[in-house]
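Only one structure is covered here, and it is reproduced in the block below.
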Amino acid sequence: MPWNDGLQGQALQIAATPNSPLCVVAGPGTGKTFALMRRLTRLLEVDQADPKRILTCTFTRTAAEDITRAISRLGVSGAEDIRTQTVHGFCFSMLSAQDVLKATGRVPRPLLRFEERFLLQDLCKAGLGGVRACGKKLLAFSAAWARLQHDQPGWPHDAADQEYQAALVAWLRFHEAILIGELIPEGIKYLRSNSLSPYRSMFDHLVVDEYQDLNRAEQRLVDLLANGNLVVVGDEDQSIYSFKHAHPEGIVEFPSTHPNTEEAGLDQCRRCPHRIVAMANALISHNASRSNRQLQPMSGNPVGEIHSVQWSSMQDEAAGIAAFIKARVDAGAVAPGNVLVLAPRRDFGYLVRDQLNDLNVPAHSFFSEELLDGDPKNINVSQAQQAIALLILLANLEDRVALRCWCGFGNNSLADAGWARLRTYCKGTGDSPWQVLEKLAGGALAIANTGHIITRFQALQAQISNLKGVTGQPLVDALFPAGEQWATPFIEIASTLEEDDFGPRKLVDTIRRHVSQPEMPTDVDYIRVMSLHKSKGLTADLVVVSGCLQGLIPSIDTDATLQEQQQAMEEQRRLFYVAVTRTRQTLILSSVTGLPVAAAFKMRARTTRTICTTARTMASQFIHELGPQCPAAVTGPQFLAATGVKL
């Protein structure tokens, strides 16, 4: 079996008693995957478990793919039949197989992130608060209203939440759509109300990875699927998804909420250098709401190379980091695929990526929001969003979400008043929005406040007419013009299609999959540039964390309550903890002393003063919290000189 035997003692202990709940707390780089594989091996080889009745699930698609790859390397008969999915993916397959959505009148058309902005605008128009407040409630709804660990998921808890849920579900039903996060509450409702469902007894063994990332609703779903033989693995110090109401307390309290639970811990970090382990322990010790666990260094690991660097500008930082990486790659000290560049804002990551590519060092960025970024109120900076809405409508004229978005682009209120009146008319007549818009555009009907909507719809009719029957590359060329920066990623996605005359539906399905379920490649020959959140589960020889500025990491909402600010600070610290523990050898912590005023305002960076057009910034407090093992910061030129790099 192709696994390192150094963890065999711990792993065998973890695999010893599979017939009771097991909670494994595994710190970064401690061999969690190995332990999981030993557990599965025991189930198959010793306990003769039916592999088709084993489910392994996790929160992210990347983590699920990692487990799938690990299972494929087990070399154990039947391992290929073990089911591995994300929690949301499993819910969707269950609800589809049981025709639950169809029976309840829901359409499994998921909203893209930019489409949610139009939903929120319409909820605001209905008097349910501002966009920000409605956005917070949207996340709570997706967590089945279980905002806290002790909340019972499934029902709104007060009149305001009940009113919001009614308006939200009404919007989704009218627009024939569903939220990705809504799959979990729907799954819970189905399983709670149908005790004889085959899914209540489908699995003998359930293994849940990254348990600390699940919210209370997702934890409840897991309990409904498990038949006693439940294994959860996670680490409170790596819980970084509070925006979806995940709680590190979930794994801490697991033994008390699940009787007869056995506990095991993996604390020896096999990945990180000794200094990184010491720095990580120093950093995370500042979090008050955690147990006093400590990572332990592995004796054979290197001491580690660590640099703290400060530059005068974002451009200098990008140029200096790119030059350093190129020098290391050219010297054969590190392969491009073993370099990670992490950034709290994509602006920093893009600059480094572009500098690397200019130096002929291949680099690709992975920021979830980058493909469909833009302000829908501004017609000139939402081209990608408009192109996707048009493509969706080419595939299906009656797609109500895409039609809603198209008609609202370029309007300061996203045409919420006119659309609200159109919805009311549709409900009264039974006509679809498209049918009503045809009447409005043709002059056969008049509805107040729909002038902008009519203009946009007439433009849509012209576009649809021009593109009718267009397929393959001509379709891509028409929607995503070559030479436009915003269009380049979509052109690259379209190039992955094997057939030559694919139609709008095939193209939109391919793009939607790339946007909503981005893959995080592991075995690559290029440098990966991404957010700190995206680095979870990845490892590299050289890790650069750029943009380490107060206000970016940590990024705290000063309008929140003091308790909320404290909780946010602890999660941001956990996020930084995750970032620094990605490295096997070298860590660069990089900051800048100034940002353009507009950029500082946009990023919400903490500034000290403004000189001309430059806002002065300060390094993140987390760098100091790394303790004495973290070296004092040096200037960019000093760093390059010390490492023998020339710009």
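How things are named: the first chain in the structure tokens is A, the next is B, and so on; residues count from 1 in each chain; ligands count from 1 in the order shown.
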List as a PyMOL selection string the protein and nucleic acid residues near segment 74-89 of chain A, meaning an atom at most 9 Å away when only C-alpha atoms are counted, but skip any in the same chain fewer than 3 places from it.
chain A and resi 1-3+37+40-41+44-45+50-61+63-65+67-68+70-71+92-94+180-181+183-184+214+218+221-222
How would you write, as a list in words, the set of residues in segment 311-419 of chain A that DSSP gives as strand (DSSP E or B)?
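Everything in segment 311-419 of chain A that counts as strand (DSSP E or B) is Trp311, Val339, Leu340, Val341, Leu342, Ala343, Ala363, His364, Ser365 and Phe366 of chain A.
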Could you name the residues that touch Asn227 of chain A at 10 Å or less, counting only C-alpha atoms, but leaving out those on the same chain fewer than 2 positions away, as a VMD selection string?
chain A and resid 19 to 21 200 to 206 222 to 225 229 to 230
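Distance annotation: of A:Gln629, A:Asn411, A:Thr607, A:Ser195, the residue with the minimal separation from His452 of chain A is A:Asn411; atom set is only C-alpha atoms.
Proximity of A:Ala35, A:Leu101, A:Ile188, A:Ala246 to Gly265 of chain A, computed with only C-alpha atoms, is greatest for A:Ala35.
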Contacts of Val476 of chain A at 10 Å (only C-alpha atoms; same-chain gap of 6+ positions) as a ChimeraX atom specification
/A:391,470,482,487,490-491,494-495,502-504,507
Nearest-residue call for Trp406 of chain A, choices A:Gly187, A:Cys630, A:Glu182, A:Phe114, using only C-alpha atoms
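Of A:Gly187, A:Cys630, A:Glu182, A:Phe114, the one nearest Trp406 of chain A, counting only C-alpha atoms, is A:Phe114.
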For Arg512 of chain A, work out the shell of residues within 10 Å, counting only C-alpha atoms and skipping chain neighbours fewer than 6 positions away, then give it as a compact mmCIF listing (two decimals) with N, CA and C atoms, in the first residue's frame.
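Resulting contents of selection15.txt:
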# COMPACT_ATOMS: atom_id res chain seq x y z
N PRO A 110 -29.70 26.77 -10.51
CA PRO A 110 -28.96 27.50 -9.48
C PRO A 110 -28.62 28.92 -9.91
N LEU A 111 -28.58 29.81 -8.93
CA LEU A 111 -28.19 31.19 -9.20
C LEU A 111 -26.67 31.32 -9.19
N LEU A 112 -26.15 32.05 -10.16
CA LEU A 112 -24.76 32.45 -10.12
C LEU A 112 -24.62 33.61 -9.14
N ILE A 388 -22.91 36.43 -20.28
CA ILE A 388 -23.43 35.17 -19.74
C ILE A 388 -24.95 35.19 -19.72
N ILE A 392 -27.24 32.48 -21.72
CA ILE A 392 -28.27 31.67 -21.07
C ILE A 392 -29.60 31.83 -21.80
N LYS A 506 -24.72 23.86 -24.56
CA LYS A 506 -23.48 23.18 -24.23
C LYS A 506 -22.45 24.17 -23.71
N PRO A 518 -15.30 25.74 -9.55
CA PRO A 518 -13.94 25.82 -10.09
C PRO A 518 -13.06 24.72 -9.54
